[in-house]
Structure formats: C-alpha cells, structure tokens
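Some notes on the structure that comes next.
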Amino acid sequence: MPKAKVTKNSIAPVSSNPSANRTPVKINSTGTPMWYKVIMFGFMLLGLLWLIANYLVGPQIPFMNELGAWNYGIGFGLLIIGLLMTMGWR
C-alpha cells in the first residue's frame with residue numbers, strides 16, 4: 001500500500017507557548033466602589049435591625065404592630081437584597 005506524501009505545509013505549526021493564542025481580557029482592577037459596599041452592608045444591617053426590633057419592641061410600635069407577619073418579609077427581604085448585592089462585589 002502506498003504511503004501518504006507528507007509536506008512541510010501539511011503539518012500544523014506547534015507553538016511552544018500555549019497562552020500565545022489566547023485573547024487577553026482586561027480585569028477591573030479598581031474593584032467595587034465604596035458607595036456600593038455601603039449600600040450592600042446597609043441593606044443587610046437594616047434587615048437585621050428590623051427583625052431584632054420586631055422581636056423586641058414590635059408590639060409597642062403602632063405601625064409595626066399593624067404590619068404583623070409582614071415584618072418578617074420586610075426584614076428578610078432587606079437581608080436578601082444585601083446578600084444578592086454581594087454577587088456584584090469584587
């Protein structure tokens with residue numbers, strides 16, 4: 001059976017540096033702005049304080065007493081917003 005003819009052009013060039021073919025990607029080196037961190041931690045802290053206030057003095061505060069079980073939704077909602085914001089923190 002005849003052998004295939006091999007030429008220099010038919011062989012793909014082998015690169016000694018495998019990262020030479022990659023496209024560089026710029027990374028945001030500045031990080032997350034301070035205002036974003038303040039808002040993020042503020043939501044988490046406000047949610048925690050809302051839940052603590054509901055447990056300790058909720059029945060004594062008229063508008064919190066009217067909200068009833070919605071106080072848990074408000075407190076945990078604020079906490080979840082803050083936790084979801086952590087995904088954007090770099």
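Each chain in the structure tokens gets a letter, A, B, ..., in the order shown, and its residues are numbered from 1; ligands are numbered from 1 in order too.
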Can you check which residues of chain A DSSP gives as helix (DSSP H, G or I) on the backbone and send them as an MDAnalysis selection string?
chainID A and resid 18:21 34:60 62:67 70:88
Thr32 (chain A) environment, 9 Å, only C-alpha atoms, sequence neighbours closer than 3 positions dropped, as a PDB file with N, CA, C and O atoms, in the first residue's frame:
ATOM      1  N   ASN A  28     -11.225  44.430  35.860  1.00  0.00           N
ATOM      2  CA  ASN A  28     -11.471  45.683  36.560  1.00  0.00           C
ATOM      3  C   ASN A  28     -10.606  45.711  37.821  1.00  0.00           C
ATOM      4  O   ASN A  28     -10.943  45.112  38.833  1.00  0.00           O
ATOM      5  N   TRP A  35     -19.475  53.331  47.515  1.00  0.00           N
ATOM      6  CA  TRP A  35     -20.907  53.535  47.703  1.00  0.00           C
ATOM      7  C   TRP A  35     -21.672  52.232  47.572  1.00  0.00           C
ATOM      8  O   TRP A  35     -22.674  52.025  48.244  1.00  0.00           O
ATOM      9  N   TYR A  36     -21.204  51.327  46.701  1.00  0.00           N
ATOM     10  CA  TYR A  36     -21.871  50.035  46.520  1.00  0.00           C
ATOM     11  C   TYR A  36     -21.753  49.192  47.786  1.00  0.00           C
ATOM     12  O   TYR A  36     -22.720  48.565  48.214  1.00  0.00           O
ATOM     13  N   LYS A  37     -20.569  49.187  48.379  1.00  0.00           N
ATOM     14  CA  LYS A  37     -20.359  48.416  49.609  1.00  0.00           C
ATOM     15  C   LYS A  37     -21.194  48.973  50.758  1.00  0.00           C
ATOM     16  O   LYS A  37     -21.764  48.211  51.544  1.00  0.00           O
ATOM     17  N   GLY A  88     -22.162  41.137  43.069  1.00  0.00           N
ATOM     18  CA  GLY A  88     -21.512  42.166  42.272  1.00  0.00           C
ATOM     19  C   GLY A  88     -20.280  42.752  42.923  1.00  0.00           C
ATOM     20  O   GLY A  88     -19.625  43.628  42.361  1.00  0.00           O
ATOM     21  N   TRP A  89     -19.946  42.258  44.103  1.00  0.00           N
ATOM     22  CA  TRP A  89     -18.808  42.778  44.849  1.00  0.00           C
ATOM     23  C   TRP A  89     -17.543  42.127  44.356  1.00  0.00           C
ATOM     24  O   TRP A  89     -17.427  40.927  44.291  1.00  0.00           O
ATOM     25  N   ARG A  90     -16.558  42.932  44.007  1.00  0.00           N
ATOM     26  CA  ARG A  90     -15.259  42.400  43.535  1.00  0.00           C
ATOM     27  C   ARG A  90     -14.159  42.880  44.439  1.00  0.00           C
ATOM     28  O   ARG A  90     -14.087  43.923  44.883  1.00  0.00           O
TER      29      ARG A  90
END
Point-to-point distance in Å for CA of Gly68 (chain A) and CA of Ile39 (chain A)
26.6 Å
Between CA of Leu45 (chain A) and CA of Leu83 (chain A), what is the distance, to one decimal in Å?
10.8 Å
If I take CA of Leu84 (chain A) and CA of Tyr72 (chain A), how far is one from the other in Å, to one decimal?
17.8 Å
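The list of residues with at least one atom within 10 Å of Gly77 (chain A), based on only C-alpha atoms and without residues fewer than 6 positions apart in the same chain, reads Phe43, Met44, Gly47, Asn71 and Leu83 of chain A.
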With N, CA, C and O atoms retained, export the selected residues as a PDB file, in the first residue's frame.
ATOM      1  N   PHE A  43     -28.163  47.488  53.589  1.00  0.00           N
ATOM      2  CA  PHE A  43     -29.352  46.650  53.449  1.00  0.00           C
ATOM      3  C   PHE A  43     -29.314  45.471  54.418  1.00  0.00           C
ATOM      4  O   PHE A  43     -30.317  45.150  55.064  1.00  0.00           O
ATOM      5  N   MET A  44     -28.160  44.825  54.512  1.00  0.00           N
ATOM      6  CA  MET A  44     -28.068  43.677  55.412  1.00  0.00           C
ATOM      7  C   MET A  44     -28.250  44.091  56.870  1.00  0.00           C
ATOM      8  O   MET A  44     -28.961  43.426  57.636  1.00  0.00           O
ATOM      9  N   GLY A  47     -31.943  45.128  57.529  1.00  0.00           N
ATOM     10  CA  GLY A  47     -32.801  43.956  57.643  1.00  0.00           C
ATOM     11  C   GLY A  47     -32.651  43.272  58.987  1.00  0.00           C
ATOM     12  O   GLY A  47     -33.637  42.868  59.615  1.00  0.00           O
ATOM     13  N   ASN A  71     -43.665  41.989  58.838  1.00  0.00           N
ATOM     14  CA  ASN A  71     -42.377  42.418  59.368  1.00  0.00           C
ATOM     15  C   ASN A  71     -41.273  41.425  59.025  1.00  0.00           C
ATOM     16  O   ASN A  71     -40.148  41.814  58.757  1.00  0.00           O
ATOM     17  N   LEU A  83     -27.659  40.442  50.376  1.00  0.00           N
ATOM     18  CA  LEU A  83     -26.908  39.242  50.004  1.00  0.00           C
ATOM     19  C   LEU A  83     -26.809  39.086  48.491  1.00  0.00           C
ATOM     20  O   LEU A  83     -25.775  38.648  47.980  1.00  0.00           O
TER      21      LEU A  83
END
Fewer than 2 positions away in the same chain doesn't count, so skip those; otherwise give me all residues within 8 Å of Phe76 (chain A), counting only C-alpha atoms, as a ChimeraX atom specification.
/A:47-48,51,72-74,78-80
